[in-house]
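What follows is the content of upload.cif (mmCIF, C-alpha atoms and all ligand atoms).
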data_final
loop_
_atom_site.label_atom_id
_atom_site.label_comp_id
_atom_site.auth_asym_id
_atom_site.auth_seq_id
_atom_site.Cartn_x
_atom_site.Cartn_y
_atom_site.Cartn_z
CA MET A 1 -122.18 41.44 108.91
CA THR A 2 -125.12 40.59 106.69
CA PRO A 3 -124.02 39.67 103.19
CA LYS A 4 -125.23 41.96 100.47
CA THR A 5 -128.16 40.49 98.59
CA ILE A 6 -127.25 39.99 94.98
CA ALA A 7 -130.17 39.81 92.60
CA PRO A 8 -130.05 36.47 90.76
CA VAL A 9 -129.02 36.78 87.15
CA PRO A 10 -132.03 35.80 85.04
CA GLU A 11 -131.32 32.91 82.71
CA THR A 12 -132.64 34.84 79.78
CA PRO A 13 -132.40 38.61 79.67
CA PRO A 14 -135.74 40.38 80.00
CA LEU A 15 -136.56 41.18 76.39
CA ALA A 16 -139.59 43.14 75.32
CA ASP A 17 -142.91 41.29 75.27
CA ARG A 18 -143.11 41.39 71.50
CA MET A 19 -140.10 39.08 71.31
CA ARG A 20 -142.25 36.25 72.71
CA GLN A 21 -143.88 36.10 69.30
CA VAL A 22 -140.93 36.57 66.99
CA GLY A 23 -138.18 34.11 66.19
CA LEU A 24 -135.52 33.94 63.50
CA SER A 25 -137.13 33.50 60.12
CA PRO A 26 -137.48 29.70 59.83
CA THR A 27 -136.43 29.77 56.19
CA MET A 28 -133.01 31.01 57.35
CA LYS A 29 -132.39 28.09 59.73
CA GLY A 30 -131.57 25.56 57.00
CA THR A 31 -129.13 28.01 55.43
CA ILE A 32 -127.28 28.40 58.72
CA GLU A 33 -127.01 24.63 59.31
CA ALA A 34 -125.88 24.09 55.71
CA GLU A 35 -123.15 26.67 56.18
CA ARG A 36 -121.98 24.93 59.36
CA LEU A 37 -121.78 21.56 57.59
CA ARG A 38 -120.02 23.06 54.59
CA ARG A 39 -117.39 24.64 56.82
CA ALA A 40 -116.87 21.18 58.29
CA GLY A 41 -116.04 19.93 54.77
CA VAL A 42 -119.31 18.09 54.06
CA ASP A 43 -120.62 17.98 50.46
CA VAL A 44 -124.01 19.61 51.02
CA VAL A 45 -126.61 19.95 48.27
CA ASP A 46 -128.49 23.11 49.08
CA LEU A 47 -132.09 23.05 47.85
CA GLY A 48 -133.03 25.43 50.63
CA ALA A 49 -131.85 28.70 49.15
CA GLY A 50 -134.40 31.42 48.58
CA GLU A 51 -132.13 33.24 46.17
CA PRO A 52 -130.87 33.00 42.61
CA ASP A 53 -127.62 31.10 42.11
CA PHE A 54 -126.79 33.30 39.09
CA PRO A 55 -124.24 36.11 39.41
CA THR A 56 -125.54 39.66 39.40
CA PRO A 57 -125.46 40.78 35.72
CA ALA A 58 -122.14 42.34 34.68
CA HIS A 59 -123.62 45.71 33.63
CA VAL A 60 -125.17 46.07 37.09
CA VAL A 61 -121.88 45.32 38.81
CA ALA A 62 -120.14 47.78 36.46
CA ALA A 63 -122.59 50.52 37.47
CA ALA A 64 -121.72 49.92 41.11
CA HIS A 65 -118.00 50.22 40.31
CA THR A 66 -118.65 53.50 38.54
CA ALA A 67 -120.69 54.79 41.49
CA LEU A 68 -117.82 53.98 43.83
CA ASP A 69 -115.26 55.61 41.54
CA ARG A 70 -117.43 58.72 41.45
CA GLN A 71 -117.65 58.76 45.23
CA PHE A 72 -121.40 58.26 45.42
CA THR A 73 -120.75 57.22 48.96
CA LYS A 74 -122.81 59.67 50.98
CA TYR A 75 -126.37 59.82 52.25
CA THR A 76 -128.96 60.20 49.54
CA SER A 77 -132.52 61.36 49.86
CA ASN A 78 -134.25 59.05 52.35
CA MET A 79 -136.68 58.03 49.58
CA GLY A 80 -133.85 57.10 47.21
CA ILE A 81 -132.28 58.96 44.29
CA VAL A 82 -134.85 60.34 41.88
CA GLU A 83 -133.38 58.49 38.85
CA LEU A 84 -134.05 55.22 40.62
CA ARG A 85 -137.61 56.07 41.61
CA GLU A 86 -138.17 57.18 38.01
CA ALA A 87 -136.72 53.86 36.86
CA VAL A 88 -139.20 51.95 39.02
CA ALA A 89 -142.04 54.09 37.67
CA ALA A 90 -140.84 53.46 34.11
CA ARG A 91 -140.78 49.69 34.70
CA TYR A 92 -144.37 49.75 35.97
CA ARG A 93 -145.39 51.83 32.95
CA ALA A 94 -143.70 49.43 30.53
CA ASP A 95 -144.64 46.18 32.28
CA TYR A 96 -148.17 46.97 33.44
CA GLY A 97 -149.31 50.21 31.80
CA VAL A 98 -149.78 51.94 35.16
CA GLU A 99 -148.55 55.39 36.19
CA TYR A 100 -146.65 56.09 39.38
CA ARG A 101 -144.90 59.41 39.99
CA PRO A 102 -141.46 59.36 41.64
CA ASP A 103 -143.04 60.75 44.84
CA GLU A 104 -145.26 57.69 44.90
CA VAL A 105 -142.24 55.37 45.16
CA ILE A 106 -139.82 54.89 48.05
CA MET A 107 -136.73 52.72 47.77
CA THR A 108 -136.34 50.26 50.65
CA ALA A 109 -133.79 47.75 51.92
CA GLY A 110 -135.35 44.89 49.95
CA GLY A 111 -138.98 44.06 49.40
CA LYS A 112 -139.02 42.89 53.00
CA GLN A 113 -138.65 46.42 54.33
CA ALA A 114 -141.33 47.70 51.94
CA LEU A 115 -143.75 45.11 53.34
CA PHE A 116 -142.76 46.00 56.88
CA HIS A 117 -143.44 49.69 56.17
CA ALA A 118 -146.84 48.74 54.78
CA ALA A 119 -147.71 46.72 57.89
CA MET A 120 -146.54 49.47 60.25
CA ALA A 121 -148.17 52.28 58.31
CA LEU A 122 -151.55 50.61 57.74
CA PHE A 123 -152.26 48.10 60.49
CA GLY A 124 -152.42 48.27 64.27
CA ALA A 125 -153.98 46.95 67.46
CA GLY A 126 -157.47 45.59 67.00
CA ASP A 127 -157.12 45.18 63.23
CA GLU A 128 -157.38 41.89 61.42
CA VAL A 129 -155.34 41.42 58.28
CA ILE A 130 -156.03 38.55 55.92
CA THR A 131 -153.24 36.64 54.26
CA HIS A 132 -152.77 33.09 52.97
CA ARG A 133 -151.02 29.78 53.63
CA PRO A 134 -148.85 28.06 52.50
CA GLY A 135 -147.11 31.40 52.69
CA TRP A 136 -143.92 33.23 53.33
CA PRO A 137 -143.70 33.49 57.14
CA THR A 138 -142.52 37.09 57.25
CA ILE A 139 -145.89 38.42 56.13
CA ALA A 140 -147.79 37.14 59.18
CA GLU A 141 -144.89 38.06 61.51
CA GLN A 142 -144.83 41.62 60.25
CA ILE A 143 -148.59 41.94 60.75
CA ARG A 144 -148.13 40.72 64.34
CA LEU A 145 -145.19 43.09 64.92
CA ALA A 146 -147.45 45.92 63.84
CA GLY A 147 -149.82 44.87 66.64
CA ALA A 148 -152.54 43.52 64.34
CA THR A 149 -153.84 39.96 64.02
CA PRO A 150 -153.10 37.90 60.90
CA VAL A 151 -156.07 35.87 59.69
CA VAL A 152 -154.63 33.19 57.47
CA VAL A 153 -156.77 31.47 54.84
CA THR A 154 -155.69 28.12 53.47
CA THR A 155 -155.12 27.33 49.81
CA HIS A 156 -155.07 23.69 48.73
CA PHE A 157 -152.71 21.40 46.88
CA ASP A 158 -155.55 19.85 44.85
CA GLU A 159 -156.44 23.31 43.50
CA GLY A 160 -152.86 24.20 42.64
CA PHE A 161 -152.83 26.39 45.78
CA ALA A 162 -154.82 28.94 43.77
CA LEU A 163 -156.02 31.97 45.67
CA THR A 164 -159.64 32.85 45.13
CA ALA A 165 -161.49 36.03 45.92
CA GLU A 166 -164.18 34.02 47.64
CA ARG A 167 -161.76 32.30 49.97
CA LEU A 168 -160.00 35.54 50.93
CA LEU A 169 -163.27 37.43 51.35
CA SER A 170 -164.83 34.67 53.44
CA ALA A 171 -162.41 35.70 56.19
CA VAL A 172 -163.58 39.34 56.26
CA THR A 173 -165.07 40.55 59.54
CA PRO A 174 -165.94 44.06 60.74
CA ARG A 175 -162.35 44.26 62.08
CA THR A 176 -160.68 43.47 58.76
CA ARG A 177 -158.43 46.29 57.65
CA GLY A 178 -156.55 44.80 54.76
CA ILE A 179 -155.41 41.81 52.74
CA VAL A 180 -151.77 40.97 52.01
CA ILE A 181 -151.25 38.85 48.92
CA ASN A 182 -148.03 37.27 47.68
CA SER A 183 -148.20 36.47 43.98
CA PRO A 184 -146.26 34.64 42.58
CA GLY A 185 -146.23 32.95 45.95
CA ASN A 186 -143.41 31.55 47.99
CA PRO A 187 -143.36 28.54 48.53
CA THR A 188 -146.04 27.38 46.07
CA GLY A 189 -145.30 29.47 42.96
CA ALA A 190 -149.07 29.99 42.69
CA LEU A 191 -150.49 33.15 41.15
CA LEU A 192 -153.58 35.13 41.99
CA PRO A 193 -155.53 34.61 38.74
CA GLU A 194 -156.55 37.85 37.03
CA ALA A 195 -160.29 37.02 37.17
CA GLU A 196 -160.00 36.48 40.92
CA ALA A 197 -158.04 39.72 41.25
CA ARG A 198 -160.89 41.60 39.52
CA ALA A 199 -163.51 40.14 41.83
CA LEU A 200 -161.37 40.82 44.87
CA ALA A 201 -160.53 44.39 43.86
CA ALA A 202 -164.21 45.27 43.36
CA GLU A 203 -165.18 43.97 46.77
CA ALA A 204 -162.12 45.38 48.58
CA ALA A 205 -162.91 48.79 47.08
CA ARG A 206 -166.53 48.53 48.26
CA LEU A 207 -165.42 47.54 51.78
CA GLY A 208 -162.62 50.14 51.93
CA LEU A 209 -159.91 47.56 52.61
CA TRP A 210 -156.20 47.96 51.98
CA ILE A 211 -154.66 45.59 49.47
CA VAL A 212 -150.92 45.01 49.80
CA ILE A 213 -149.32 42.92 47.05
CA ASP A 214 -145.93 41.34 47.45
CA LEU A 215 -144.68 41.22 43.87
CA CYS A 216 -141.09 40.27 44.67
CA TYR A 217 -141.24 37.33 42.20
CA GLU A 218 -143.19 39.28 39.53
CA ARG A 219 -140.52 38.78 36.84
CA LEU A 220 -140.36 35.03 37.44
CA ILE A 221 -143.59 33.78 35.86
CA TYR A 222 -143.53 30.83 33.44
CA ASP A 223 -145.61 30.11 30.37
CA ALA A 224 -146.56 33.81 30.01
CA VAL A 225 -149.57 33.56 32.33
CA PRO A 226 -151.22 37.02 32.45
CA HIS A 227 -150.65 38.66 35.82
CA ASN A 228 -151.38 42.37 35.63
CA LEU A 229 -152.32 42.86 39.27
CA PRO A 230 -151.08 46.49 39.44
CA ARG A 231 -153.46 47.44 36.65
CA ILE A 232 -156.46 45.45 37.90
CA PHE A 233 -156.25 46.66 41.51
CA GLY A 234 -155.08 50.11 40.42
CA ASP A 235 -158.16 50.60 38.26
CA ALA A 236 -160.49 49.66 41.11
CA MET A 237 -158.78 51.07 44.18
CA ARG A 238 -155.49 52.86 43.51
CA ASP A 239 -155.64 54.91 46.74
CA ARG A 240 -155.85 51.76 48.84
CA LEU A 241 -153.25 49.74 46.96
CA VAL A 242 -149.67 49.12 48.06
CA LEU A 243 -147.18 47.35 45.77
CA ALA A 244 -143.94 45.90 47.13
CA GLY A 245 -141.21 45.02 44.63
CA SER A 246 -137.54 44.16 44.63
CA THR A 247 -134.45 43.73 42.49
CA SER A 248 -133.46 40.68 44.59
CA LYS A 249 -134.95 37.78 42.66
CA ALA A 250 -135.31 39.21 39.15
CA TYR A 251 -131.74 40.50 38.87
CA ALA A 252 -129.95 38.10 41.23
CA MET A 253 -129.31 40.95 43.66
CA THR A 254 -130.40 39.55 47.02
CA GLY A 255 -127.34 40.82 48.87
CA TRP A 256 -127.56 44.36 47.54
CA ARG A 257 -130.77 45.00 49.48
CA CYS A 258 -132.89 46.99 47.12
CA GLY A 259 -136.66 47.02 46.98
CA TRP A 260 -139.44 49.54 46.79
CA LEU A 261 -142.90 50.43 47.87
CA ALA A 262 -145.21 52.07 45.34
CA ALA A 263 -148.50 53.52 46.56
CA ALA A 264 -150.51 56.71 46.81
CA LYS A 265 -148.52 59.59 48.28
CA PRO A 266 -149.84 59.46 51.88
CA VAL A 267 -148.68 55.85 52.22
CA VAL A 268 -145.28 56.66 50.73
CA GLN A 269 -144.96 59.63 53.10
CA ALA A 270 -145.73 57.35 56.04
CA ALA A 271 -143.13 54.83 54.81
CA ASN A 272 -140.66 57.68 54.40
CA ALA A 273 -141.22 58.80 57.99
CA LEU A 274 -140.77 55.24 59.30
CA GLN A 275 -137.63 54.66 57.24
CA SER A 276 -136.14 58.01 58.27
CA HIS A 277 -135.99 56.64 61.85
CA GLN A 278 -134.72 53.19 60.91
CA THR A 279 -132.27 52.61 58.10
CA SER A 280 -132.41 55.90 56.13
CA ASN A 281 -131.64 55.56 52.44
CA VAL A 282 -130.86 52.30 50.65
CA ASN A 283 -127.09 51.92 50.25
CA SER A 284 -125.97 54.61 47.77
CA ILE A 285 -123.87 52.26 45.60
CA THR A 286 -126.73 49.77 45.42
CA GLN A 287 -129.06 52.50 44.19
CA HIS A 288 -126.85 53.26 41.19
CA ALA A 289 -126.57 49.54 40.44
CA ALA A 290 -130.37 49.21 40.64
CA VAL A 291 -130.82 52.02 38.08
CA ALA A 292 -128.69 49.95 35.70
CA ALA A 293 -130.71 46.82 36.50
CA LEU A 294 -134.11 48.43 35.91
CA THR A 295 -133.21 50.60 32.89
CA GLY A 296 -130.55 48.45 31.24
CA PRO A 297 -130.98 45.43 28.96
CA GLN A 298 -133.61 43.03 30.27
CA GLU A 299 -132.38 39.95 28.37
CA CYS A 300 -130.60 38.79 31.52
CA VAL A 301 -133.99 38.44 33.24
CA ALA A 302 -135.39 36.45 30.32
CA ASP A 303 -132.28 34.23 30.23
CA MET A 304 -132.52 33.41 33.91
CA LEU A 305 -136.25 32.76 33.60
CA ALA A 306 -135.66 30.31 30.74
CA GLN A 307 -133.08 28.44 32.82
CA TYR A 308 -135.39 28.33 35.85
CA GLN A 309 -138.11 26.91 33.64
CA THR A 310 -135.82 24.13 32.36
CA ARG A 311 -134.83 23.34 35.92
CA ARG A 312 -138.44 23.38 37.11
CA ASP A 313 -139.50 20.90 34.45
CA GLN A 314 -136.44 18.72 34.89
CA ALA A 315 -136.69 18.69 38.68
CA ARG A 316 -140.38 17.72 38.48
CA ALA A 317 -139.51 14.89 36.10
CA TRP A 318 -136.77 13.60 38.41
CA LEU A 319 -139.00 13.84 41.45
CA ALA A 320 -141.72 11.91 39.61
CA GLU A 321 -139.39 8.86 39.61
CA GLU A 322 -140.82 8.37 43.09
CA PRO A 323 -144.58 8.83 42.60
CA ARG A 324 -145.27 9.15 46.32
CA PHE A 325 -143.95 12.72 46.03
CA ARG A 326 -147.07 14.53 44.89
CA CYS A 327 -145.97 17.71 43.15
CA GLY A 328 -147.91 20.32 41.18
CA VAL A 329 -146.66 22.68 38.47
CA PRO A 330 -145.61 26.01 39.99
CA GLN A 331 -146.46 28.96 37.76
CA GLY A 332 -143.84 31.29 39.15
CA ALA A 333 -140.91 31.77 41.58
CA PHE A 334 -138.28 28.99 41.81
CA TYR A 335 -139.59 26.38 44.22
CA LEU A 336 -141.26 22.98 44.11
CA PHE A 337 -143.55 22.29 47.05
CA PRO A 338 -144.35 18.56 47.03
CA ASP A 339 -146.69 16.80 49.43
CA ILE A 340 -144.64 14.23 51.36
CA THR A 341 -147.31 12.81 53.67
CA ASP A 342 -146.88 9.34 52.13
CA PHE A 343 -143.41 9.21 53.70
CA LEU A 344 -144.49 10.19 57.19
CA SER A 345 -145.19 7.54 59.81
CA PRO A 346 -144.91 7.11 63.59
CA ASP A 347 -141.90 4.78 63.27
CA ARG A 348 -139.75 6.90 60.94
CA CYS A 349 -140.31 10.61 60.30
CA ARG A 350 -143.46 11.77 62.02
CA THR A 351 -143.46 15.28 60.58
CA SER A 352 -142.08 17.11 57.58
CA LEU A 353 -139.78 18.95 59.98
CA GLU A 354 -138.29 15.65 61.14
CA PHE A 355 -138.06 14.58 57.50
CA THR A 356 -136.01 17.62 56.50
CA ASP A 357 -133.81 17.43 59.62
CA ARG A 358 -132.98 13.78 58.96
CA LEU A 359 -132.55 14.36 55.24
CA LEU A 360 -129.91 16.96 56.08
CA ALA A 361 -128.22 14.81 58.71
CA GLU A 362 -128.18 11.59 56.66
CA GLU A 363 -127.98 12.69 53.02
CA HIS A 364 -126.73 16.27 53.44
CA VAL A 365 -129.52 17.83 51.41
CA VAL A 366 -130.97 21.11 52.62
CA THR A 367 -134.70 21.58 52.05
CA THR A 368 -137.24 23.63 53.96
CA PRO A 369 -140.04 21.95 55.91
CA GLY A 370 -143.67 22.90 55.25
CA GLU A 371 -143.86 23.95 58.91
CA ALA A 372 -141.87 27.06 57.92
CA PHE A 373 -144.79 28.03 55.69
CA ASP A 374 -147.50 27.08 58.15
CA THR A 375 -148.22 23.93 56.11
CA PRO A 376 -146.84 20.71 57.59
CA GLY A 377 -146.74 17.63 55.37
CA PHE A 378 -144.87 19.38 52.54
CA ILE A 379 -141.27 20.33 51.81
CA ARG A 380 -139.93 23.17 49.71
CA LEU A 381 -137.18 22.47 47.17
CA SER A 382 -135.50 25.46 45.62
CA TYR A 383 -134.41 24.95 42.01
CA ALA A 384 -132.27 28.06 42.06
CA THR A 385 -129.26 25.82 41.66
CA SER A 386 -127.50 24.07 38.78
CA LEU A 387 -129.05 21.05 37.04
CA ASP A 388 -126.15 18.90 38.28
CA ARG A 389 -126.76 19.82 41.88
CA LEU A 390 -130.50 19.38 41.43
CA ARG A 391 -130.02 15.89 39.99
CA ASP A 392 -127.71 14.97 42.85
CA GLY A 393 -130.03 16.48 45.49
CA ILE A 394 -133.15 14.77 44.17
CA THR A 395 -131.33 11.41 43.87
CA ARG A 396 -130.33 11.70 47.52
CA LEU A 397 -133.84 12.83 48.49
CA ILE A 398 -135.45 9.82 46.80
CA ARG A 399 -132.91 7.45 48.37
CA PHE A 400 -133.68 8.91 51.79
CA ALA A 401 -137.44 8.84 51.27
CA ARG A 402 -137.38 5.17 50.22
CA GLY A 403 -135.41 4.53 53.43
C1 LIG A 501 -142.39 36.09 49.11
C2 LIG A 501 -141.24 36.98 49.37
N1 LIG A 501 -141.44 38.29 49.45
C3 LIG A 501 -140.43 39.15 49.69
C4 LIG A 501 -139.15 38.70 49.85
C5 LIG A 501 -138.13 39.73 50.16
O1 LIG A 501 -137.02 39.73 49.39
P1 LIG A 501 -136.01 40.96 49.45
O2 LIG A 501 -136.17 41.61 50.80
O3 LIG A 501 -134.66 40.35 49.27
O4 LIG A 501 -136.40 41.88 48.35
C6 LIG A 501 -138.88 37.33 49.79
C7 LIG A 501 -137.53 36.81 50.02
O5 LIG A 501 -137.30 35.65 50.18
C8 LIG A 501 -139.95 36.45 49.53
O6 LIG A 501 -139.76 35.13 49.43
#
Structure translated into structure tokens:
Amino acid sequence: MTPKTIAPVPETPPLADRMRQVGLSPTMKGTIEAERLRRAGVDVVDLGAGEPDFPTPAHVVAAAHTALDRQFTKYTSNMGIVELREAVAARYRADYGVEYRPDEVIMTAGGKQALFHAAMALFGAGDEVITHRPGWPTIAEQIRLAGATPVVVTTHFDEGFALTAERLLSAVTPRTRGIVINSPGNPTGALLPEAEARALAAEAARLGLWIVIDLCYERLIYDAVPHNLPRIFGDAMRDRLVLAGSTSKAYAMTGWRCGWLAAAKPVVQAANALQSHQTSNVNSITQHAAVAALTGPQECVADMLAQYQTRRDQARAWLAEEPRFRCGVPQGAFYLFPDITDFLSPDRCRTSLEFTDRLLAEEHVVTTPGEAFDTPGFIRLSYATSLDRLRDGITRLIRFARG
């Protein structure tokens, strides 16, 4: 009897083609390894975290308790409860002097989902979409997942990683459909200067491009640098402008998953359709907490900002004890992004990725390699941690770097 032929089991299951391009967000890898070491009892200093170390403000937590007690535990409108969309609109009015109606705002599971909606709703096969490096990797990945091609322009350490209209516009071709800007930027903390925003808005309006702005760090800007991008782009091209925001960083609410997309109604309707087939509404308890965050006292935001600023300045001073770390002054967010090329060599660490891997293995400090932001030769240090931990982490980092 002939044995039945059994099809060999493929070593990897046959996933869809798009998965050839997408991997786990590289900024999450350090966090996972740190967690593994911590569980093994190792004293890890985590300078990798992309989230505030502060607790969520008490009045926000209290609002969530109340929502639970009142049984706000059912589906809400897919767009989010109207009080919350009004609260977002009121923040934009107060902070930027721009008007959005509640039907021009959709609540999303973090700023990340808002940006994903924007990519899916606006970009597709054959389109080029300009963005910038060093940059948060998700932006280019989302553009690719939407079937479009990211065209990534480089900003430079010697210029404070500043984005310029000229640099972004130099990448425009007849296939360009939009530009995605992250300001304040992760990992550099750089801002799109207002004068550059004006020049860019005028030209983008003339060319009929979409402008998507990731404003997830908008409340974390130091030294009161003016940054009214919603107003500047809104005045020039409101119908082609998409704003992505979030409660994650400003209110220490990363785990609650609450963000939003604000744009002209057709874009919001498209995002609503997409979301209605994915996640539906943002968690109902979270929405009530987010109303408290956006409409309640804002001193908590100012307090956290002041502490981040102290940490930024202190961490830069400590890092300067080893002058081969070349580090600029970030204007926003909560990261330092020093150039570490002076420590790279063929006989020790050849790349910044090797540097961060060995730093973790030998000194138990988590940092994120520049490779994660498409910019080898740098490392990202998060100062969203206590001064004590920062001092300890930077001491270990310098010891490791001096080898
Ligand atoms: C630049 C940038 N944009 C957006 C986000 C999204 O944050 P969330 O989805 O928690 O709102 C992050 C998170 O790290 C980020 O760094």
(message) Could you check which residues have any atom within 8 Å of (-155.7, 47.4, 59.8), counting all atoms listed in the file with coordinates taken straight from the file, and then list them as a PyMOL selection string?
(response) chain A and resi 122-129+148+175-178+210
(request) Using all atoms listed in the file, find each residue with an atom at most 6 Å away from ligand LIG 501 (chain A) and format the answer as a count of residues only. (result) 14
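Every protein, DNA or RNA residue with an atom at most 8 Å from Thr154 in chain A, where only C-alpha atoms count and chain neighbours fewer than 6 positions away do not, is listed here: A:His132, A:Arg133, A:Pro134.
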Adding 6 Å on each side of the box along x, y and z that holds all listed atoms of range 192-195 of chain A, could you give its centre and edge lengths in Å to one decimal, as JSON?
{"center_x": -156.9, "center_y": 36.2, "center_z": 39.5, "size_x": 18.7, "size_y": 15.2, "size_z": 17.0}
(message) Just checking: using only C-alpha atoms, which residue out of A:Leu209, A:Ala224, A:Ala290, A:Leu305 ends up closest to Gly80 in chain A?
(response) A:Ala290
(request) Point out the residue among A:His117, A:Arg380, A:Arg257, A:Arg101 with the least atom-to-atom distance to His277 in chain A, counting all atoms listed in the file. (result) A:His117
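Residues surrounding Ser183 in chain A within 10 Å are Leu163, Val180, Asn186, Thr188, Gly189, Ala190, Leu191, Leu192, Pro193, Ile213, Asp214, Leu215, Cys216, Tyr217, Glu218, Ile221, His227, Leu229, Gln331, Gly332 and Ala333 of chain A [all atoms listed in the file; sequence separation below 3 positions excluded].
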(message) Need to verify the contact set: Pro330 in chain A, 12 Å, all atoms listed in the file, exclusion of same-chain residues closer than 4 positions in sequence. Can you return it as a ChimeraX atom specification?
(response) /A:157,159-162,183-191,220-223,225,308-309,311-313,315-316,334-338,380-383
Create the file for the chosen residues now, containing C-alpha atoms and written as a PDB file, keeping the file's coordinate frame.
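Now in part.pdb:
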ATOM      1  CA  PHE A 157    -152.710  21.400  46.880  1.00  0.00           C
ATOM      2  CA  GLU A 159    -156.440  23.310  43.500  1.00  0.00           C
ATOM      3  CA  GLY A 160    -152.860  24.200  42.640  1.00  0.00           C
ATOM      4  CA  PHE A 161    -152.830  26.390  45.780  1.00  0.00           C
ATOM      5  CA  ALA A 162    -154.820  28.940  43.770  1.00  0.00           C
ATOM      6  CA  SER A 183    -148.200  36.470  43.980  1.00  0.00           C
ATOM      7  CA  PRO A 184    -146.260  34.640  42.580  1.00  0.00           C
ATOM      8  CA  GLY A 185    -146.230  32.950  45.950  1.00  0.00           C
ATOM      9  CA  ASN A 186    -143.410  31.550  47.990  1.00  0.00           C
ATOM     10  CA  PRO A 187    -143.360  28.540  48.530  1.00  0.00           C
ATOM     11  CA  THR A 188    -146.040  27.380  46.070  1.00  0.00           C
ATOM     12  CA  GLY A 189    -145.300  29.470  42.960  1.00  0.00           C
ATOM     13  CA  ALA A 190    -149.070  29.990  42.690  1.00  0.00           C
ATOM     14  CA  LEU A 191    -150.490  33.150  41.150  1.00  0.00           C
ATOM     15  CA  LEU A 220    -140.360  35.030  37.440  1.00  0.00           C
ATOM     16  CA  ILE A 221    -143.590  33.780  35.860  1.00  0.00           C
ATOM     17  CA  TYR A 222    -143.530  30.830  33.440  1.00  0.00           C
ATOM     18  CA  ASP A 223    -145.610  30.110  30.370  1.00  0.00           C
ATOM     19  CA  VAL A 225    -149.570  33.560  32.330  1.00  0.00           C
ATOM     20  CA  TYR A 308    -135.390  28.330  35.850  1.00  0.00           C
ATOM     21  CA  GLN A 309    -138.110  26.910  33.640  1.00  0.00           C
ATOM     22  CA  ARG A 311    -134.830  23.340  35.920  1.00  0.00           C
ATOM     23  CA  ARG A 312    -138.440  23.380  37.110  1.00  0.00           C
ATOM     24  CA  ASP A 313    -139.500  20.900  34.450  1.00  0.00           C
ATOM     25  CA  ALA A 315    -136.690  18.690  38.680  1.00  0.00           C
ATOM     26  CA  ARG A 316    -140.380  17.720  38.480  1.00  0.00           C
ATOM     27  CA  PHE A 334    -138.280  28.990  41.810  1.00  0.00           C
ATOM     28  CA  TYR A 335    -139.590  26.380  44.220  1.00  0.00           C
ATOM     29  CA  LEU A 336    -141.260  22.980  44.110  1.00  0.00           C
ATOM     30  CA  PHE A 337    -143.550  22.290  47.050  1.00  0.00           C
ATOM     31  CA  PRO A 338    -144.350  18.560  47.030  1.00  0.00           C
ATOM     32  CA  ARG A 380    -139.930  23.170  49.710  1.00  0.00           C
ATOM     33  CA  LEU A 381    -137.180  22.470  47.170  1.00  0.00           C
ATOM     34  CA  SER A 382    -135.500  25.460  45.620  1.00  0.00           C
ATOM     35  CA  TYR A 383    -134.410  24.950  42.010  1.00  0.00           C
TER      36      TYR A 383
END
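The residue that comes closest to Tyr100 in chain A, out of A:Met304, A:Ala118, A:Ala292, A:Val268 and on the basis of all atoms listed in the file, is A:Val268.
Distance cut-off 9 Å, centre (-130.8, 46.7, 54.2), atoms counted only C-alpha atoms; the residues meeting this are Thr108, Ala109, Gly110, Gln113, Gly255, Trp256, Arg257, Cys258, Thr279, Val282 and Asn283 of chain A.
Among A:Leu169, A:Ile285, A:Ala236, A:Met79, the residue with the shortest atom-to-atom distance to Ala201 in chain A, counting all atoms listed in the file, is A:Ala236.
Distance check against Glu99 in chain A using only C-alpha atoms: of A:Ala87, A:Ala49, A:Ile139, A:Leu68, the minimum falls on A:Ala87.
Between CA of Asn78 in chain A and CA of Val60 in chain A lies a distance of 22.0 Å.
Picture a line from CA of Ile106 in chain A to CA of Thr247 in chain A; it runs 13.6 Å.
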Would you mind putting back N, CA and C atoms on range 197-204 of chain A, then writing it out as an mmCIF file, keeping the file's coordinate frame?
data_model
loop_
_atom_site.group_PDB
_atom_site.id
_atom_site.type_symbol
_atom_site.label_atom_id
_atom_site.label_comp_id
_atom_site.auth_asym_id
_atom_site.auth_seq_id
_atom_site.Cartn_x
_atom_site.Cartn_y
_atom_site.Cartn_z
ATOM 1 N N ALA A 197 -158.512 38.393 40.849
ATOM 2 C CA ALA A 197 -158.040 39.720 41.250
ATOM 3 C C ALA A 197 -159.135 40.763 40.995
ATOM 4 N N ARG A 198 -159.817 40.640 39.856
ATOM 5 C CA ARG A 198 -160.890 41.600 39.520
ATOM 6 C C ARG A 198 -162.008 41.535 40.540
ATOM 7 N N ALA A 199 -162.411 40.307 40.868
ATOM 8 C CA ALA A 199 -163.510 40.140 41.830
ATOM 9 C C ALA A 199 -163.089 40.672 43.201
ATOM 10 N N LEU A 200 -161.858 40.382 43.560
ATOM 11 C CA LEU A 200 -161.370 40.820 44.870
ATOM 12 C C LEU A 200 -161.243 42.341 44.937
ATOM 13 N N ALA A 201 -160.728 42.930 43.872
ATOM 14 C CA ALA A 201 -160.530 44.390 43.860
ATOM 15 C C ALA A 201 -161.872 45.103 44.001
ATOM 16 N N ALA A 202 -162.902 44.613 43.302
ATOM 17 C CA ALA A 202 -164.210 45.270 43.360
ATOM 18 C C ALA A 202 -164.750 45.242 44.785
ATOM 19 N N GLU A 203 -164.621 44.103 45.420
ATOM 20 C CA GLU A 203 -165.180 43.970 46.770
ATOM 21 C C GLU A 203 -164.319 44.724 47.797
ATOM 22 N N ALA A 204 -163.006 44.654 47.647
ATOM 23 C CA ALA A 204 -162.120 45.380 48.580
ATOM 24 C C ALA A 204 -162.380 46.878 48.484
#
